[in-house]
$ cat model-v7.cif   # mmCIF, C-alpha atoms
data_model
loop_
_atom_site.label_atom_id
_atom_site.label_comp_id
_atom_site.auth_asym_id
_atom_site.auth_seq_id
_atom_site.Cartn_x
_atom_site.Cartn_y
_atom_site.Cartn_z
CA MET I 7 -10.02 0.13 -28.33
CA ILE I 8 -12.05 3.36 -28.14
CA ARG I 9 -15.34 3.55 -26.24
CA HIS I 10 -17.63 6.51 -25.66
CA ILE I 11 -18.80 6.49 -22.02
CA THR I 12 -21.03 9.55 -21.63
CA GLY I 13 -21.08 13.22 -22.58
CA ASP I 14 -17.55 14.19 -23.62
CA LEU I 15 -15.90 11.30 -21.77
CA TYR I 16 -14.10 8.57 -23.72
CA GLN I 17 -12.11 5.48 -22.77
CA VAL I 18 -9.05 4.18 -24.62
CA SER I 19 -8.09 0.67 -23.55
CA GLU I 20 -5.70 -2.17 -24.20
CA ILE I 21 -6.47 -5.66 -22.92
CA VAL I 22 -3.83 -7.88 -21.32
CA SER I 23 -4.43 -11.59 -20.78
CA GLY I 24 -2.93 -13.21 -17.71
CA GLN I 25 -3.16 -16.00 -15.19
CA PHE I 26 -6.28 -14.60 -13.56
CA GLY I 27 -8.15 -13.52 -16.70
CA SER I 28 -8.19 -10.43 -18.87
CA GLU I 29 -7.19 -7.07 -17.43
CA ALA I 30 -7.64 -3.66 -19.02
CA VAL I 31 -5.11 -0.84 -19.11
CA SER I 32 -7.21 2.26 -19.72
CA VAL I 33 -6.72 5.95 -20.46
CA TYR I 34 -9.62 8.37 -20.13
CA VAL I 35 -10.21 11.48 -22.23
CA LEU I 36 -12.43 14.47 -21.38
CA LEU I 37 -12.76 16.47 -24.59
CA ASN I 38 -13.62 19.59 -22.59
CA GLY I 39 -14.16 21.96 -25.52
CA ASP I 40 -10.84 23.17 -26.84
CA GLN I 41 -8.91 22.12 -23.68
CA PRO I 42 -9.02 18.31 -23.49
CA VAL I 43 -7.89 16.48 -20.37
CA LEU I 44 -6.21 13.07 -20.23
CA ILE I 45 -6.46 10.86 -17.15
CA ASP I 46 -3.28 8.75 -17.10
CA CYS I 47 -1.52 7.82 -20.35
CA GLY I 48 -1.09 4.06 -20.32
CA SER I 49 1.89 1.78 -20.62
CA HIS I 50 4.87 2.15 -22.93
CA LEU I 51 4.14 -1.44 -23.97
CA HIS I 52 1.04 -0.18 -25.82
CA ARG I 53 2.56 3.06 -27.04
CA GLU I 54 1.68 2.90 -30.72
CA SER I 55 -1.92 1.80 -30.30
CA ILE I 56 -2.63 4.19 -27.42
CA MET I 57 -1.21 7.18 -29.25
CA ALA I 58 -3.16 6.29 -32.42
CA ASP I 59 -6.40 5.95 -30.46
CA LEU I 60 -5.79 9.22 -28.61
CA GLU I 61 -5.27 10.99 -31.92
CA THR I 62 -8.58 9.57 -33.14
CA VAL I 63 -10.52 10.65 -30.05
CA LEU I 64 -8.95 14.11 -29.93
CA ASP I 65 -9.61 14.65 -33.65
CA GLY I 66 -7.06 17.43 -34.06
CA ARG I 67 -7.48 18.94 -30.58
CA THR I 68 -4.43 19.51 -28.39
CA PRO I 69 -4.79 18.21 -24.81
CA ALA I 70 -4.25 20.97 -22.27
CA TYR I 71 -3.68 18.79 -19.19
CA ILE I 72 -2.85 15.27 -18.16
CA PHE I 73 -3.74 14.14 -14.65
CA LEU I 74 -1.73 11.17 -13.36
CA THR I 75 -3.25 8.98 -10.67
CA HIS I 76 0.28 7.81 -9.82
CA SER I 77 3.63 7.07 -11.44
CA GLU I 78 3.51 3.30 -11.99
CA LEU I 79 4.29 2.36 -15.59
CA PRO I 80 0.77 1.26 -16.65
CA HIS I 81 -0.38 4.76 -15.66
CA ALA I 82 2.52 7.03 -16.60
CA GLY I 83 4.76 4.89 -18.78
CA ASN I 84 3.67 6.61 -21.98
CA ILE I 85 4.32 10.16 -20.72
CA SER I 86 7.38 10.68 -22.94
CA SER I 87 5.32 10.06 -26.08
CA VAL I 88 2.49 12.31 -24.88
CA VAL I 89 4.91 15.15 -24.13
CA SER I 90 6.76 14.65 -27.40
CA ARG I 91 3.49 14.83 -29.34
CA TRP I 92 2.00 17.72 -27.31
CA PRO I 93 4.95 19.59 -25.76
CA ASP I 94 2.82 22.36 -24.19
CA ILE I 95 0.72 19.95 -22.11
CA HIS I 96 0.52 20.55 -18.35
CA CYS I 97 0.84 17.62 -15.97
CA VAL I 98 -0.96 17.44 -12.62
CA VAL I 99 0.45 15.00 -10.07
CA SER I 100 0.09 14.39 -6.36
CA ASN I 101 2.36 16.33 -4.04
CA VAL I 102 4.39 13.17 -3.34
CA MET I 103 7.66 13.34 -5.28
CA LEU I 104 7.43 9.72 -6.38
CA ALA I 105 5.25 10.86 -9.27
CA TYR I 106 8.20 12.76 -10.73
CA ILE I 107 10.19 9.64 -11.63
CA GLU I 108 8.74 9.48 -15.14
CA VAL I 109 7.75 13.14 -15.46
CA LEU I 110 10.88 15.13 -14.66
CA PRO I 111 13.07 13.95 -17.56
CA THR I 112 10.45 14.93 -20.13
CA LEU I 113 8.54 17.98 -18.91
CA PRO I 114 9.69 21.44 -17.70
CA LEU I 115 8.92 22.18 -14.05
CA ALA I 116 6.77 25.13 -15.10
CA GLN I 117 4.37 22.65 -16.73
CA ILE I 118 4.03 20.43 -13.66
CA THR I 119 1.43 21.16 -10.97
CA GLN I 120 1.53 19.44 -7.61
CA ALA I 121 -1.87 18.86 -6.02
CA THR I 122 -2.90 17.54 -2.62
CA ALA I 123 -6.09 15.65 -1.85
CA GLY I 124 -8.95 18.13 -1.83
CA SER I 125 -7.27 20.41 -4.38
CA MET I 126 -9.33 21.72 -7.27
CA VAL I 127 -7.78 22.29 -10.69
CA THR I 128 -9.74 24.32 -13.24
CA VAL I 129 -9.23 23.60 -16.94
CA GLY I 130 -11.28 25.95 -19.08
CA SER I 131 -14.81 25.88 -17.68
CA ARG I 132 -14.29 22.53 -15.94
CA THR I 133 -13.02 21.87 -12.43
CA LEU I 134 -11.51 18.55 -11.41
CA GLU I 135 -10.85 17.49 -7.83
CA PHE I 136 -8.02 15.41 -6.42
CA VAL I 137 -9.52 12.84 -4.02
CA THR I 138 -7.78 10.77 -1.36
CA ALA I 139 -7.22 7.30 -2.81
CA LEU I 140 -8.44 4.68 -0.36
CA LEU I 141 -6.53 2.01 -2.26
CA LYS I 142 -2.93 2.95 -3.03
CA ASP I 143 -0.26 0.77 -4.56
CA GLN I 144 2.11 3.75 -4.33
CA PRO I 145 2.24 6.46 -1.63
CA GLY I 146 1.57 9.14 -4.25
CA SER I 147 -1.65 7.61 -5.59
CA GLN I 148 -4.65 9.91 -5.92
CA TRP I 149 -8.14 9.55 -7.32
CA ILE I 150 -9.73 12.28 -9.46
CA TYR I 151 -13.35 13.47 -9.65
CA ASP I 152 -15.09 15.23 -12.52
CA GLY I 153 -18.36 16.80 -11.44
CA ARG I 154 -19.63 17.46 -14.95
CA THR I 155 -19.84 13.77 -15.86
CA GLN I 156 -20.06 12.71 -12.20
CA THR I 157 -17.11 10.39 -12.75
CA LEU I 158 -14.66 9.12 -10.14
CA PHE I 159 -11.37 8.10 -11.78
CA SER I 160 -10.23 5.50 -9.27
CA GLY I 161 -6.73 4.54 -10.40
CA ASP I 162 -6.11 0.94 -9.38
CA GLY I 163 -9.15 0.88 -7.09
CA PHE I 164 -12.25 -0.86 -8.45
CA GLY I 165 -10.07 -2.79 -10.91
CA TYR I 166 -11.18 -6.28 -11.83
CA HIS I 167 -10.33 -9.36 -13.87
CA CYS I 168 -12.80 -10.59 -16.46
CA PRO I 169 -13.26 -13.38 -19.02
CA PRO I 170 -12.28 -12.48 -22.60
CA GLU I 171 -15.88 -12.06 -23.73
CA GLN I 172 -16.37 -9.22 -21.20
CA SER I 173 -13.20 -7.32 -22.16
CA GLY I 174 -13.87 -3.65 -22.86
CA ARG I 175 -17.55 -3.86 -21.95
CA PHE I 176 -19.06 -1.42 -19.47
CA SER I 177 -20.74 -2.85 -16.37
CA ASP I 178 -24.22 -2.10 -17.70
CA GLU I 179 -23.39 -4.13 -20.83
CA ILE I 180 -22.61 -7.25 -18.77
CA PRO I 181 -25.54 -9.26 -17.41
CA GLY I 182 -25.44 -8.81 -13.64
CA GLY I 183 -22.56 -6.34 -13.78
CA ILE I 184 -19.09 -6.87 -12.28
CA GLN I 185 -19.15 -9.59 -9.62
CA SER I 186 -17.45 -9.39 -6.23
CA GLU I 187 -15.24 -12.36 -7.19
CA GLN I 188 -13.82 -10.34 -10.08
CA PHE I 189 -12.97 -7.44 -7.77
CA GLU I 190 -11.54 -9.88 -5.24
CA SER I 191 -9.22 -11.57 -7.74
CA TYR I 192 -7.76 -8.25 -8.89
CA HIS I 193 -7.44 -6.59 -5.47
CA ARG I 194 -5.85 -9.68 -3.93
CA GLN I 195 -3.04 -9.54 -6.50
CA THR I 196 -2.62 -5.76 -6.58
CA PHE I 197 -2.88 -4.67 -2.95
CA ARG I 198 -0.81 -7.04 -0.85
CA PHE I 199 -1.20 -4.78 2.19
CA LEU I 200 -4.88 -5.75 2.51
CA ARG I 201 -3.84 -8.52 4.90
CA TRP I 202 -3.14 -5.81 7.50
CA ILE I 203 -6.19 -3.59 7.21
CA GLN I 204 -9.45 -3.68 9.15
CA PRO I 205 -12.14 -4.23 6.50
CA GLU I 206 -14.86 -2.70 8.65
CA ARG I 207 -12.99 0.60 8.79
CA PHE I 208 -12.09 0.51 5.10
CA ASN I 209 -15.69 -0.19 4.08
CA ALA I 210 -16.97 2.66 6.25
CA ASP I 211 -14.43 5.01 4.65
CA LEU I 212 -15.53 3.88 1.18
CA ASP I 213 -19.16 4.57 2.08
CA ARG I 214 -18.23 8.08 3.21
CA LEU I 215 -16.13 8.86 0.13
CA ILE I 216 -18.78 7.67 -2.33
CA GLY I 217 -21.47 9.49 -0.37
CA MET I 218 -19.68 12.86 -0.42
CA ARG I 219 -20.38 13.62 -4.09
CA PRO I 220 -22.77 12.47 -6.82
CA ILE I 221 -21.10 9.60 -8.68
CA SER I 222 -22.71 8.05 -11.75
CA ILE I 223 -19.55 6.46 -13.17
CA VAL I 224 -16.47 4.86 -11.63
CA ALA I 225 -13.59 4.74 -14.10
CA PRO I 226 -10.85 2.32 -13.01
CA ILE I 227 -7.63 2.16 -14.98
CA HIS I 228 -7.63 -1.64 -14.84
CA GLY I 229 -11.16 -2.21 -16.04
CA ALA I 230 -13.81 -0.66 -18.24
CA ALA I 231 -16.04 2.05 -16.83
CA ILE I 232 -18.58 1.05 -14.20
CA ARG I 233 -21.59 2.89 -15.52
CA GLY I 234 -24.64 2.98 -13.27
CA ASP I 235 -25.45 0.80 -10.23
CA ILE I 236 -22.59 2.45 -8.35
CA ASP I 237 -23.99 1.47 -4.95
CA LEU I 238 -24.29 -2.16 -6.09
CA HIS I 239 -20.68 -2.25 -7.26
CA LYS I 240 -19.49 -0.42 -4.15
CA GLU I 241 -21.11 -3.15 -2.03
CA ARG I 242 -19.48 -5.82 -4.16
CA LEU I 243 -16.08 -4.18 -3.72
CA LYS I 244 -16.66 -4.08 0.05
CA THR I 245 -17.49 -7.78 -0.04
CA ALA I 246 -14.31 -8.45 -2.03
CA ILE I 247 -12.09 -6.48 0.34
CA THR I 248 -13.59 -8.26 3.35
CA ALA I 249 -13.03 -11.64 1.70
CA VAL I 250 -9.38 -10.86 0.98
CA CYS I 251 -8.76 -9.68 4.54
CA ASN I 252 -10.55 -12.65 6.11
CA SER I 253 -8.61 -15.15 3.99
CA TYR I 254 -5.35 -13.78 5.39
CA ARG I 255 -6.72 -13.90 8.93
CA GLU I 256 -7.65 -17.55 8.48
CA ARG I 257 -4.10 -18.38 7.43
CA LEU I 258 -2.76 -16.88 10.66
CA LYS I 259 -4.94 -19.05 12.90
#
$ encode --input "model-v7.cif" --output "structure tokens"
Amino acid sequence: MIRHITGDLYQVSEIVSGQFGSEAVSVYVLLNGDQPVLIDCGSHLHRESIMADLETVLDGRTPAYIFLTHSELPHAGNISSVVSRWPDIHCVVSNVMLAYIEVLPTLPLAQITQATAGSMVTVGSRTLEFVTALLKDQPGSQWIYDGRTQTLFSGDGFGYHCPPEQSGRFSDEIPGGIQSEQFESYHRQTFRFLRWIQPERFNADLDRLIGMRPISIVAPIHGAAIRGDIDLHKERLKTAITAVCNSYRERLK
């Protein structure tokens, strides 16, 4: 499934149905003139459809860079096909070596860039920033920010489950947007460590991160783009995180 989000930003998604509802596995494409950028590359389980959709979006262009939020298979499992199709592509990963599990066998070291949180990587006339991921399901997880489209690519953060009729729809195409219960369902299953965090501190950190830069779009890998009403959806995520934490606390009483 191909969706145009804004400007030169596109979303390529596959939808997986499960116990808790439908869940997206998304790849994002910034056309970026003649130096396109991929954000993640999807799962090997969807290899044929993802590669076909990427070819359609790129329309003959060769991607210059791929940024990986982390090395888990739904995010980096298709890297071998991407490198085989575009062997000159450069890969940007966090400075944690875990991200090399899928990358090293397929890509020369000279084409791999390690980046720490706060690092800026310039591709053509565009600069992307690696941002500390507040929600990590791997130590090497990073979020990525594109100032031109004001998009925060949030990896597994801001993911959500949805009913089939909402699959692939942006938040502003869904009456009322993404609900806190949808965020809660996804984050409860994905981030088992939430039982040990202090939600007040997490929510304050999320406020600071979102407030540091203009953000018009949040682009989770496991969901369609959240387009507009970012503060509303941030508050709903905070409510979801608090609910998950409090449910664990109740069990311990």
$ atom_distance --input "model-v7.cif" --atom1 "atom CA of Ala58 of chain I" --atom2 "atom CA of Asp94 of chain I"
19.0 Å
$ residues_around --input "model-v7.cif" --residues "segment 126-135 of chain I" --least-positions-apart "5" --cutoff "7 Å" --atoms "only C-alpha atoms" --output "list of chain:residue names"
I:Gln41, I:Ile150, I:Tyr151, I:Asp152
$ write_last_selection --input "model-v7.cif" --atoms "C-alpha atoms" --output "PDB file, keeping the file's coordinate frame"
ATOM      1  CA  GLN I  41      -8.910  22.120 -23.680  1.00  0.00           C
ATOM      2  CA  ILE I 150      -9.730  12.280  -9.460  1.00  0.00           C
ATOM      3  CA  TYR I 151     -13.350  13.470  -9.650  1.00  0.00           C
ATOM      4  CA  ASP I 152     -15.090  15.230 -12.520  1.00  0.00           C
TER       5      ASP I 152
END
$ resolve_selection --input "model-v7.cif" --expression "the PyMOL selection byres ((chain I and resi 123) around 9)" --output "list of chain:residue names"
I:Ser100, I:Asn101, I:Ala121, I:Thr122, I:Gly124, I:Ser125, I:Met126, I:Glu135, I:Phe136, I:Val137, I:Thr138, I:Ala139, I:Gln148, I:Trp149
$ residues_around --input "model-v7.cif" --residues "segment 199-208 of chain I" --least-positions-apart "6" --cutoff "8 Å" --atoms "all atoms listed in the file" --output "number ranges by chain"
I: 140, 244, 247-248, 250-252, 254-255
$ residues_around --input "model-v7.cif" --residues "Pro226 of chain I" --least-positions-apart "4" --cutoff "10 Å" --atoms "all atoms listed in the file" --output "compact mmCIF listing (two decimals) with C-alpha atoms, in the frame of the given file"
# COMPACT_ATOMS: atom_id res chain seq x y z
CA ALA I 30 -7.64 -3.66 -19.02
CA VAL I 31 -5.11 -0.84 -19.11
CA SER I 32 -7.21 2.26 -19.72
CA VAL I 33 -6.72 5.95 -20.46
CA TYR I 34 -9.62 8.37 -20.13
CA TRP I 149 -8.14 9.55 -7.32
CA LEU I 158 -14.66 9.12 -10.14
CA PHE I 159 -11.37 8.10 -11.78
CA SER I 160 -10.23 5.50 -9.27
CA GLY I 161 -6.73 4.54 -10.40
CA ASP I 162 -6.11 0.94 -9.38
CA GLY I 163 -9.15 0.88 -7.09
CA PHE I 164 -12.25 -0.86 -8.45
CA GLY I 165 -10.07 -2.79 -10.91
CA TYR I 166 -11.18 -6.28 -11.83
CA ALA I 230 -13.81 -0.66 -18.24
CA ALA I 231 -16.04 2.05 -16.83
CA ILE I 232 -18.58 1.05 -14.20
$ resolve_selection --input "model-v7.cif" --expression "the PyMOL selection byres ((chain I and resi 74) around 12)" --output "compact mmCIF listing (two decimals) with C-alpha atoms, in the coordinates of the input"
# COMPACT_ATOMS: atom_id res chain seq x y z
CA VAL I 33 -6.72 5.95 -20.46
CA TYR I 34 -9.62 8.37 -20.13
CA VAL I 43 -7.89 16.48 -20.37
CA LEU I 44 -6.21 13.07 -20.23
CA ILE I 45 -6.46 10.86 -17.15
CA ASP I 46 -3.28 8.75 -17.10
CA CYS I 47 -1.52 7.82 -20.35
CA GLY I 48 -1.09 4.06 -20.32
CA TYR I 71 -3.68 18.79 -19.19
CA ILE I 72 -2.85 15.27 -18.16
CA PHE I 73 -3.74 14.14 -14.65
CA THR I 75 -3.25 8.98 -10.67
CA HIS I 76 0.28 7.81 -9.82
CA SER I 77 3.63 7.07 -11.44
CA GLU I 78 3.51 3.30 -11.99
CA LEU I 79 4.29 2.36 -15.59
CA PRO I 80 0.77 1.26 -16.65
CA HIS I 81 -0.38 4.76 -15.66
CA ALA I 82 2.52 7.03 -16.60
CA GLY I 83 4.76 4.89 -18.78
CA ASN I 84 3.67 6.61 -21.98
CA ILE I 85 4.32 10.16 -20.72
CA HIS I 96 0.52 20.55 -18.35
CA CYS I 97 0.84 17.62 -15.97
CA VAL I 98 -0.96 17.44 -12.62
CA VAL I 99 0.45 15.00 -10.07
CA SER I 100 0.09 14.39 -6.36
CA ASN I 101 2.36 16.33 -4.04
CA VAL I 102 4.39 13.17 -3.34
CA LEU I 104 7.43 9.72 -6.38
CA ALA I 105 5.25 10.86 -9.27
CA TYR I 106 8.20 12.76 -10.73
CA GLU I 108 8.74 9.48 -15.14
CA VAL I 109 7.75 13.14 -15.46
CA ILE I 118 4.03 20.43 -13.66
CA THR I 119 1.43 21.16 -10.97
CA GLN I 120 1.53 19.44 -7.61
CA ALA I 121 -1.87 18.86 -6.02
CA PHE I 136 -8.02 15.41 -6.42
CA GLY I 146 1.57 9.14 -4.25
CA SER I 147 -1.65 7.61 -5.59
CA GLN I 148 -4.65 9.91 -5.92
CA TRP I 149 -8.14 9.55 -7.32
CA ILE I 150 -9.73 12.28 -9.46
CA PHE I 159 -11.37 8.10 -11.78
CA SER I 160 -10.23 5.50 -9.27
CA GLY I 161 -6.73 4.54 -10.40
CA ASP I 162 -6.11 0.94 -9.38
CA ILE I 227 -7.63 2.16 -14.98
$ atom_distance --input "model-v7.cif" --atom1 "atom CA of Glu29 of chain I" --atom2 "atom CA of Ser173 of chain I"
7.7 Å
$ closest_residue --input "model-v7.cif" --among "I:Arg175, I:Arg198, I:Arg91, I:Arg9" --to "Ser28 of chain I" --atoms "all atoms listed in the file"
I:Arg175
$ residues_around --input "model-v7.cif" --residues "segment 181-192 of chain I" --least-positions-apart "2" --cutoff "8 Å" --atoms "all atoms listed in the file" --output "PyMOL selection string"
chain I and resi 26+164-168+177-179+194-196+239+242-243+245-247+249-250
$ closest_residue --input "model-v7.cif" --among "I:Leu141, I:Ala225, I:Val88, I:Leu215" --to "Gln17 of chain I" --atoms "only C-alpha atoms"
I:Ala225
$ resolve_selection --input "model-v7.cif" --expression "the PyMOL selection byres ((chain I and resi 220) around 10)" --output "list in words"
Tyr151, Asp152, Gly153, Thr155, Gln156, Thr157, Leu158, Ile216, Gly217, Met218, Arg219, Ile221, Ser222 and Ile223 of chain I
$ closest_residue --input "model-v7.cif" --among "I:Gly39, I:Ile8, I:Arg154, I:Ser23" --to "Glu171 of chain I" --atoms "only C-alpha atoms"
I:Ser23
$ atom_distance --input "model-v7.cif" --atom1 "atom CA of Pro169 of chain I" --atom2 "atom CA of Gly27 of chain I"
5.6 Å
$ closest_residue --input "model-v7.cif" --among "I:Ile180, I:Asp235, I:Val35, I:Val18" --to "Ile56 of chain I" --atoms "all atoms listed in the file"
I:Val18
$ residues_near_point --input "model-v7.cif" --point "(-15.4, 10.2, -29.9)" --cutoff "9 Å" --atoms "only C-alpha atoms" --output "PyMOL selection string"
chain I and resi 8-10+14-16+37+62-65
$ write_last_selection --input "model-v7.cif" --atoms "C-alpha atoms" --output "short mmCIF file (atom, residue, chain, number, x, y, z; two decimals), in the frame of the given file"
data_model
loop_
_atom_site.label_atom_id
_atom_site.label_comp_id
_atom_site.auth_asym_id
_atom_site.auth_seq_id
_atom_site.Cartn_x
_atom_site.Cartn_y
_atom_site.Cartn_z
CA ILE I 8 -12.05 3.36 -28.14
CA ARG I 9 -15.34 3.55 -26.24
CA HIS I 10 -17.63 6.51 -25.66
CA ASP I 14 -17.55 14.19 -23.62
CA LEU I 15 -15.90 11.30 -21.77
CA TYR I 16 -14.10 8.57 -23.72
CA LEU I 37 -12.76 16.47 -24.59
CA THR I 62 -8.58 9.57 -33.14
CA VAL I 63 -10.52 10.65 -30.05
CA LEU I 64 -8.95 14.11 -29.93
CA ASP I 65 -9.61 14.65 -33.65
#
$ residues_around --input "model-v7.cif" --residues "Ser90 of chain I" --least-positions-apart "3" --cutoff "12 Å" --atoms "only C-alpha atoms" --output "list in words"
Met57, Asn84, Ile85, Ser86, Ser87, Pro93, Asp94, Ile95, Pro111, Thr112 and Leu113 of chain I
